[in-house]
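Working notes for the structure below.
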Amino acid sequence: MLNLIMQLQMLLAALSMFLPLVPAESRIRAAEIIDVVAKTLAAGNAIGANLDDLAAKLAAIRAEVEAMASAGRAVSGEELEAAMTRVRTASAAFRAALETAEAGAR
Amino acid sequence: MKHPLRAAALGLALALTPACASLQLGETQIDNPISAARTLDQRAYALLNAYAAVIEEATDIVRDPSAPLAFKRALGQAERVATPAAESLQIAVTAYVRARADFEAASGASQPALERAATALTIAAQRLSRAIEAARAPVSELEDLVRARRG
(Lines give C-alpha, C1' and ligand atoms only; values in the text may rest on other atoms or scores of the structure.)
Protein backbone atom coordinates (compact mmCIF):
# COMPACT_ATOMS: atom_id res chain seq x y z
CA MET A 1 0.00 0.00 0.00
CA LEU A 2 2.69 2.47 1.02
CA ASN A 3 4.69 1.59 -2.05
CA LEU A 4 1.66 2.09 -4.24
CA ILE A 5 1.18 5.57 -2.78
CA MET A 6 4.88 6.32 -3.11
CA GLN A 7 4.70 5.19 -6.72
CA LEU A 8 1.78 7.53 -7.36
CA GLN A 9 3.61 10.36 -5.62
CA MET A 10 6.63 9.81 -7.83
CA LEU A 11 4.39 9.72 -10.88
CA LEU A 12 2.84 12.97 -9.72
CA ALA A 13 6.28 14.50 -9.28
CA ALA A 14 7.14 13.40 -12.80
CA LEU A 15 3.88 14.87 -14.13
CA SER A 16 4.47 18.15 -12.33
CA MET A 17 7.68 18.49 -14.33
CA PHE A 18 5.57 18.74 -17.43
CA LEU A 19 3.88 21.86 -16.07
CA PRO A 20 6.09 24.19 -18.12
CA LEU A 21 4.75 22.42 -21.23
CA VAL A 22 1.19 23.35 -20.31
CA PRO A 23 -0.11 26.52 -21.99
CA ALA A 24 0.34 29.50 -19.67
CA GLU A 25 -3.41 30.14 -19.31
CA SER A 26 -4.00 26.61 -17.93
CA ARG A 27 -0.82 26.23 -15.96
CA ILE A 28 -2.13 27.61 -12.66
CA ARG A 29 -5.19 25.36 -12.85
CA ALA A 30 -3.03 22.31 -13.61
CA ALA A 31 -0.73 23.15 -10.68
CA GLU A 32 -3.76 23.40 -8.38
CA ILE A 33 -5.02 20.00 -9.51
CA ILE A 34 -1.60 18.44 -8.90
CA ASP A 35 -1.48 20.08 -5.48
CA VAL A 36 -4.89 18.63 -4.51
CA VAL A 37 -3.85 15.17 -5.70
CA ALA A 38 -0.57 15.44 -3.76
CA LYS A 39 -2.46 16.34 -0.58
CA THR A 40 -4.87 13.44 -1.11
CA LEU A 41 -1.96 11.07 -1.56
CA ALA A 42 -0.33 12.36 1.63
CA ALA A 43 -3.56 11.61 3.52
CA GLY A 44 -3.67 8.19 1.87
CA ASN A 45 -0.14 7.61 3.05
CA ALA A 46 -1.26 8.04 6.68
CA ILE A 47 -4.15 5.64 6.11
CA GLY A 48 -1.82 3.20 4.43
CA ALA A 49 0.39 3.21 7.51
CA ASN A 50 -2.62 2.02 9.53
CA LEU A 51 -3.31 -0.73 7.04
CA ASP A 52 0.30 -1.73 7.47
CA ASP A 53 -0.34 -1.81 11.24
CA LEU A 54 -3.10 -4.38 10.69
CA ALA A 55 -0.88 -6.35 8.32
CA ALA A 56 1.93 -6.32 10.92
CA LYS A 57 -0.41 -7.49 13.70
CA LEU A 58 -1.83 -10.30 11.56
CA ALA A 59 1.67 -11.32 10.48
CA ALA A 60 2.77 -11.49 14.15
CA ILE A 61 -0.24 -13.68 15.02
CA ARG A 62 0.46 -15.88 12.02
CA ALA A 63 4.10 -16.29 13.06
CA GLU A 64 3.03 -17.28 16.57
CA VAL A 65 0.49 -19.82 15.25
CA GLU A 66 3.02 -21.19 12.77
CA ALA A 67 5.50 -21.72 15.62
CA MET A 68 2.80 -23.52 17.62
CA ALA A 69 1.86 -25.67 14.65
CA SER A 70 5.42 -26.63 13.78
CA ALA A 71 6.17 -27.52 17.42
CA GLY A 72 2.89 -29.50 17.62
CA ARG A 73 2.03 -27.48 20.71
CA ALA A 74 -1.51 -27.20 22.00
CA VAL A 75 -2.93 -23.83 23.00
CA SER A 76 -3.13 -23.41 26.76
CA GLY A 77 -6.14 -22.16 28.67
CA GLU A 78 -4.20 -19.06 29.70
CA GLU A 79 -3.37 -18.22 26.09
CA LEU A 80 -7.03 -18.54 25.13
CA GLU A 81 -8.08 -16.37 28.06
CA ALA A 82 -5.50 -13.74 27.05
CA ALA A 83 -6.81 -13.76 23.47
CA MET A 84 -10.38 -13.32 24.69
CA THR A 85 -9.34 -10.55 27.08
CA ARG A 86 -7.77 -8.78 24.10
CA VAL A 87 -11.07 -9.15 22.19
CA ARG A 88 -13.12 -7.81 25.12
CA THR A 89 -10.76 -4.86 25.69
CA ALA A 90 -10.76 -3.98 21.98
CA SER A 91 -14.54 -4.35 21.79
CA ALA A 92 -15.08 -2.07 24.80
CA ALA A 93 -12.73 0.57 23.34
CA PHE A 94 -14.49 0.30 19.97
CA ARG A 95 -17.96 0.75 21.48
CA ALA A 96 -16.79 3.71 23.57
CA ALA A 97 -15.26 5.34 20.47
CA LEU A 98 -18.48 4.75 18.51
CA GLU A 99 -20.53 6.32 21.30
CA THR A 100 -18.25 9.36 21.26
CA ALA A 101 -18.58 9.62 17.48
CA GLU A 102 -22.38 9.37 17.72
CA ALA A 103 -22.47 12.01 20.46
CA GLY A 104 -20.25 14.30 18.39
CA ALA A 105 -22.59 13.99 15.41
CA ARG A 106 -25.64 15.14 17.44
CA MET B 1 17.68 24.73 -28.03
CA LYS B 2 14.28 26.42 -28.37
CA HIS B 3 12.73 25.30 -25.06
CA PRO B 4 15.50 24.29 -22.63
CA LEU B 5 13.16 24.25 -19.63
CA ARG B 6 10.71 21.92 -21.32
CA ALA B 7 13.54 19.67 -22.46
CA ALA B 8 14.92 19.52 -18.90
CA ALA B 9 11.44 18.71 -17.53
CA LEU B 10 10.96 15.95 -20.06
CA GLY B 11 14.40 14.56 -19.30
CA LEU B 12 13.75 14.49 -15.57
CA ALA B 13 10.33 12.92 -16.05
CA LEU B 14 11.83 10.19 -18.20
CA ALA B 15 14.60 9.67 -15.65
CA LEU B 16 12.02 9.11 -12.91
CA THR B 17 9.96 6.66 -14.94
CA PRO B 18 12.20 3.61 -14.31
CA ALA B 19 12.19 4.42 -10.58
CA CYS B 20 8.39 4.41 -10.64
CA ALA B 21 8.30 1.18 -12.58
CA SER B 22 10.76 -0.57 -10.27
CA LEU B 23 8.49 -0.21 -7.26
CA GLN B 24 6.33 -3.20 -6.35
CA LEU B 25 2.59 -2.60 -6.56
CA GLY B 26 0.42 -3.56 -3.60
CA GLU B 27 3.22 -4.98 -1.53
CA THR B 28 1.21 -4.82 1.69
CA GLN B 29 -0.26 -8.26 2.20
CA ILE B 30 -2.75 -9.24 4.82
CA ASP B 31 -1.62 -12.49 6.34
CA ASN B 32 -4.24 -15.03 7.24
CA PRO B 33 -3.18 -16.45 10.61
CA ILE B 34 -5.97 -19.07 10.61
CA SER B 35 -4.54 -20.87 7.58
CA ALA B 36 -1.28 -21.39 9.50
CA ALA B 37 -3.04 -23.42 12.22
CA ARG B 38 -3.07 -27.20 12.13
CA THR B 39 -5.39 -28.03 14.99
CA LEU B 40 -8.82 -26.82 16.05
CA ASP B 41 -7.56 -25.02 19.16
CA GLN B 42 -4.86 -23.27 17.13
CA ARG B 43 -7.47 -22.16 14.57
CA ALA B 44 -9.68 -20.78 17.34
CA TYR B 45 -6.71 -18.99 18.93
CA ALA B 46 -5.68 -17.47 15.59
CA LEU B 47 -9.23 -16.36 14.85
CA LEU B 48 -9.70 -14.71 18.27
CA ASN B 49 -6.41 -12.81 18.03
CA ALA B 50 -7.00 -11.81 14.41
CA TYR B 51 -10.45 -10.53 15.36
CA ALA B 52 -8.97 -8.49 18.21
CA ALA B 53 -6.47 -6.93 15.78
CA VAL B 54 -9.30 -6.06 13.36
CA ILE B 55 -11.38 -4.37 16.08
CA GLU B 56 -8.33 -2.38 17.18
CA GLU B 57 -8.02 -1.04 13.63
CA ALA B 58 -11.78 -0.45 13.45
CA THR B 59 -11.47 1.63 16.63
CA ASP B 60 -8.88 3.86 14.94
CA ILE B 61 -11.29 4.41 12.04
CA VAL B 62 -14.15 5.27 14.39
CA ARG B 63 -11.90 7.79 16.17
CA ASP B 64 -10.98 9.39 12.83
CA PRO B 65 -13.10 12.57 12.53
CA SER B 66 -12.87 12.47 8.72
CA ALA B 67 -14.49 9.01 8.49
CA PRO B 68 -18.20 9.22 7.57
CA LEU B 69 -20.64 8.51 10.40
CA ALA B 70 -22.60 6.07 8.23
CA PHE B 71 -19.44 4.02 7.78
CA LYS B 72 -18.75 4.08 11.52
CA ARG B 73 -22.29 2.83 12.11
CA ALA B 74 -21.75 0.02 9.61
CA LEU B 75 -18.62 -0.96 11.53
CA GLY B 76 -20.64 -0.87 14.76
CA GLN B 77 -23.29 -3.12 13.28
CA ALA B 78 -20.65 -5.62 12.10
CA GLU B 79 -18.94 -5.56 15.51
CA ARG B 80 -22.22 -6.22 17.34
CA VAL B 81 -22.62 -9.42 15.31
CA ALA B 82 -18.97 -10.54 15.39
CA THR B 83 -18.20 -10.10 19.09
CA PRO B 84 -20.94 -12.49 20.33
CA ALA B 85 -19.68 -15.00 17.75
CA ALA B 86 -16.17 -14.61 19.21
CA GLU B 87 -17.58 -15.12 22.71
CA SER B 88 -19.33 -18.34 21.59
CA LEU B 89 -16.06 -19.43 20.02
CA GLN B 90 -14.20 -18.84 23.27
CA ILE B 91 -16.76 -20.94 25.19
CA ALA B 92 -16.46 -23.75 22.63
CA VAL B 93 -12.66 -23.77 22.59
CA THR B 94 -12.47 -23.71 26.40
CA ALA B 95 -14.81 -26.71 26.53
CA TYR B 96 -12.69 -28.46 23.90
CA VAL B 97 -9.44 -27.84 25.81
CA ARG B 98 -11.08 -29.19 28.97
CA ALA B 99 -12.44 -32.28 27.17
CA ARG B 100 -9.02 -32.95 25.67
CA ALA B 101 -7.37 -32.72 29.10
CA ASP B 102 -10.02 -35.12 30.48
CA PHE B 103 -9.35 -37.54 27.64
CA GLU B 104 -5.60 -37.44 28.25
CA ALA B 105 -6.18 -37.96 31.97
CA ALA B 106 -8.44 -40.94 31.23
CA SER B 107 -5.81 -42.75 29.15
CA GLY B 108 -4.87 -44.95 32.10
CA ALA B 109 -8.45 -45.36 33.30
CA SER B 110 -10.97 -48.12 32.62
CA GLN B 111 -12.36 -48.75 29.12
CA PRO B 112 -15.82 -47.22 29.83
CA ALA B 113 -14.23 -44.08 31.33
CA LEU B 114 -11.94 -43.76 28.32
CA GLU B 115 -14.89 -44.20 25.93
CA ARG B 116 -16.88 -41.55 27.78
CA ALA B 117 -13.96 -39.12 27.61
CA ALA B 118 -13.47 -39.89 23.90
CA THR B 119 -17.16 -39.26 23.18
CA ALA B 120 -17.07 -35.98 25.13
CA LEU B 121 -13.96 -34.92 23.20
CA THR B 122 -15.59 -35.75 19.85
CA ILE B 123 -18.68 -33.71 20.74
CA ALA B 124 -16.53 -30.79 21.96
CA ALA B 125 -14.50 -30.92 18.72
CA GLN B 126 -17.67 -30.86 16.60
CA ARG B 127 -19.03 -27.90 18.56
CA LEU B 128 -15.74 -26.05 18.26
CA SER B 129 -15.60 -26.71 14.53
CA ARG B 130 -19.11 -25.26 14.13
CA ALA B 131 -18.23 -22.26 16.34
CA ILE B 132 -15.15 -21.51 14.21
CA GLU B 133 -17.22 -21.64 11.03
CA ALA B 134 -19.94 -19.49 12.61
CA ALA B 135 -17.42 -16.86 13.71
CA ARG B 136 -15.48 -16.66 10.46
CA ALA B 137 -18.19 -14.91 8.40
CA PRO B 138 -18.93 -12.01 10.80
CA VAL B 139 -15.23 -11.54 11.56
CA SER B 140 -14.46 -11.47 7.82
CA GLU B 141 -17.25 -8.94 7.29
CA LEU B 142 -15.74 -6.55 9.81
CA GLU B 143 -12.26 -7.14 8.40
CA ASP B 144 -13.52 -6.43 4.85
CA LEU B 145 -15.03 -3.15 6.03
CA VAL B 146 -11.77 -2.13 7.73
CA ARG B 147 -9.78 -3.04 4.65
CA ALA B 148 -12.21 -1.22 2.37
CA ARG B 149 -11.68 1.94 4.38
CA ARG B 150 -7.95 1.48 4.80
CA GLY B 151 -7.19 0.16 1.33
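Labeling convention for the C-alpha coordinates: chains A, B, ... as they appear, residues from 1 per chain, ligands from 1 in order of appearance.
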Where does range 40-104 of chain A meet range 49-61 of chain B within 8 Å, residue by residue, with the nearest atom pair and distance in Å to one decimal for each, counting only C-alpha atoms, listed by chain and rising number, as CSV?
residue,atom,partner,partner_atom,distance
A:Asn50,CA,B:Glu57,CA,7.4
A:Leu54,CA,B:Ala53,CA,6.6
A:Lys57,CA,B:Ala53,CA,6.4
A:Leu58,CA,B:Ala50,CA,6.1
A:Ile61,CA,B:Asn49,CA,6.9
A:Ala83,CA,B:Asn49,CA,5.5
A:Met84,CA,B:Asn49,CA,7.8
A:Arg86,CA,B:Ala52,CA,6.0
A:Val87,CA,B:Ala52,CA,4.5
A:Ala90,CA,B:Glu56,CA,5.6
A:Ser91,CA,B:Ile55,CA,6.5
A:Ala93,CA,B:Thr59,CA,6.9
A:Phe94,CA,B:Thr59,CA,4.7
A:Ala97,CA,B:Thr59,CA,6.5
A:Leu98,CA,B:Thr59,CA,7.9
Query - Of the listed residues B:Lys72, B:Arg6, B:Arg38, B:Arg100, that which approaches Thr122 in chain B most closely, counting only C-alpha atoms - result: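 Ranked by minimum distance to Thr122 in chain B, first place goes to B:Arg100.
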Among B:Ala134, B:Val146, B:Ile34, B:Ala99, Ala118 in chain B is approached most closely, using only C-alpha atoms, by B:Ala99
Give me every alpha helix (DSSP H) residue in range 12-84 of chain A, going by DSSP on the backbone, as an MDAnalysis selection string. chainID A and resid 12:16 24:71 77:84
* Close residues, Ser66 in chain B itself excluded, 12 Å, only C-alpha atoms, min 4 positions apart in chain, as a list in words ->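 Skipping anything fewer than 4 positions along the chain leaves Ala43, Ile47, Ala101 and Ala105 of chain A; Asp60, Ile61, Val62, Ala70, Phe71, Lys72 and Arg149 of chain B.
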Q) Any idea what the distance is between CA of Ser129 in chain B and CA of Glu78 in chain A? A)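 CA of Glu78 in chain A lies 20.5 Å from CA of Ser129 in chain B.
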Polymer residues at most 9 Å from Ala37 in chain B, only C-alpha atoms, same-chain spacing of 4 or more positions, as a ChimeraX atom specification: /A:62,65-66,68-69 /B:33,41-46
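Coordinates place CA of Leu12 in chain A at a distance of 10.8 Å from CA of Ala31 in chain A.
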One residue among B:Pro4, B:Val97, B:Ala85, B:Ser35 is nearest to Ala59 in chain A when using only C-alpha atoms, and that residue is B:Ser35
At a cut-off of 9 Å, using only C-alpha atoms, what residues contact Ala74 in chain B? Leave out same-chain residues fewer than 5 positions from it and give the result as a PDB file with N, CA and C atoms, in the first residue's frame.
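The result, written out as part.pdb:
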ATOM      1  N   LEU B  69     -19.910   9.125   9.282  1.00  0.00           N
ATOM      2  CA  LEU B  69     -20.639   8.510  10.400  1.00  0.00           C
ATOM      3  C   LEU B  69     -21.361   7.234   9.958  1.00  0.00           C
ATOM      4  N   GLU B  79     -19.572  -5.178  14.234  1.00  0.00           N
ATOM      5  CA  GLU B  79     -18.941  -5.562  15.508  1.00  0.00           C
ATOM      6  C   GLU B  79     -19.958  -6.196  16.449  1.00  0.00           C
ATOM      7  N   LEU B 142     -16.334  -7.727   9.171  1.00  0.00           N
ATOM      8  CA  LEU B 142     -15.736  -6.547   9.809  1.00  0.00           C
ATOM      9  C   LEU B 142     -14.356  -6.260   9.208  1.00  0.00           C
ATOM     10  N   LEU B 145     -14.676  -4.567   5.885  1.00  0.00           N
ATOM     11  CA  LEU B 145     -15.032  -3.152   6.031  1.00  0.00           C
ATOM     12  C   LEU B 145     -13.789  -2.326   6.375  1.00  0.00           C
TER      13      LEU B 145
END
**OP:** Could you jot down the CA of Ser140 in chain B to CA of Gly104 in chain A separation for me, Å, one decimal place?
**Re:**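 We find that CA of Ser140 in chain B and CA of Gly104 in chain A lie 28.4 Å from each other.
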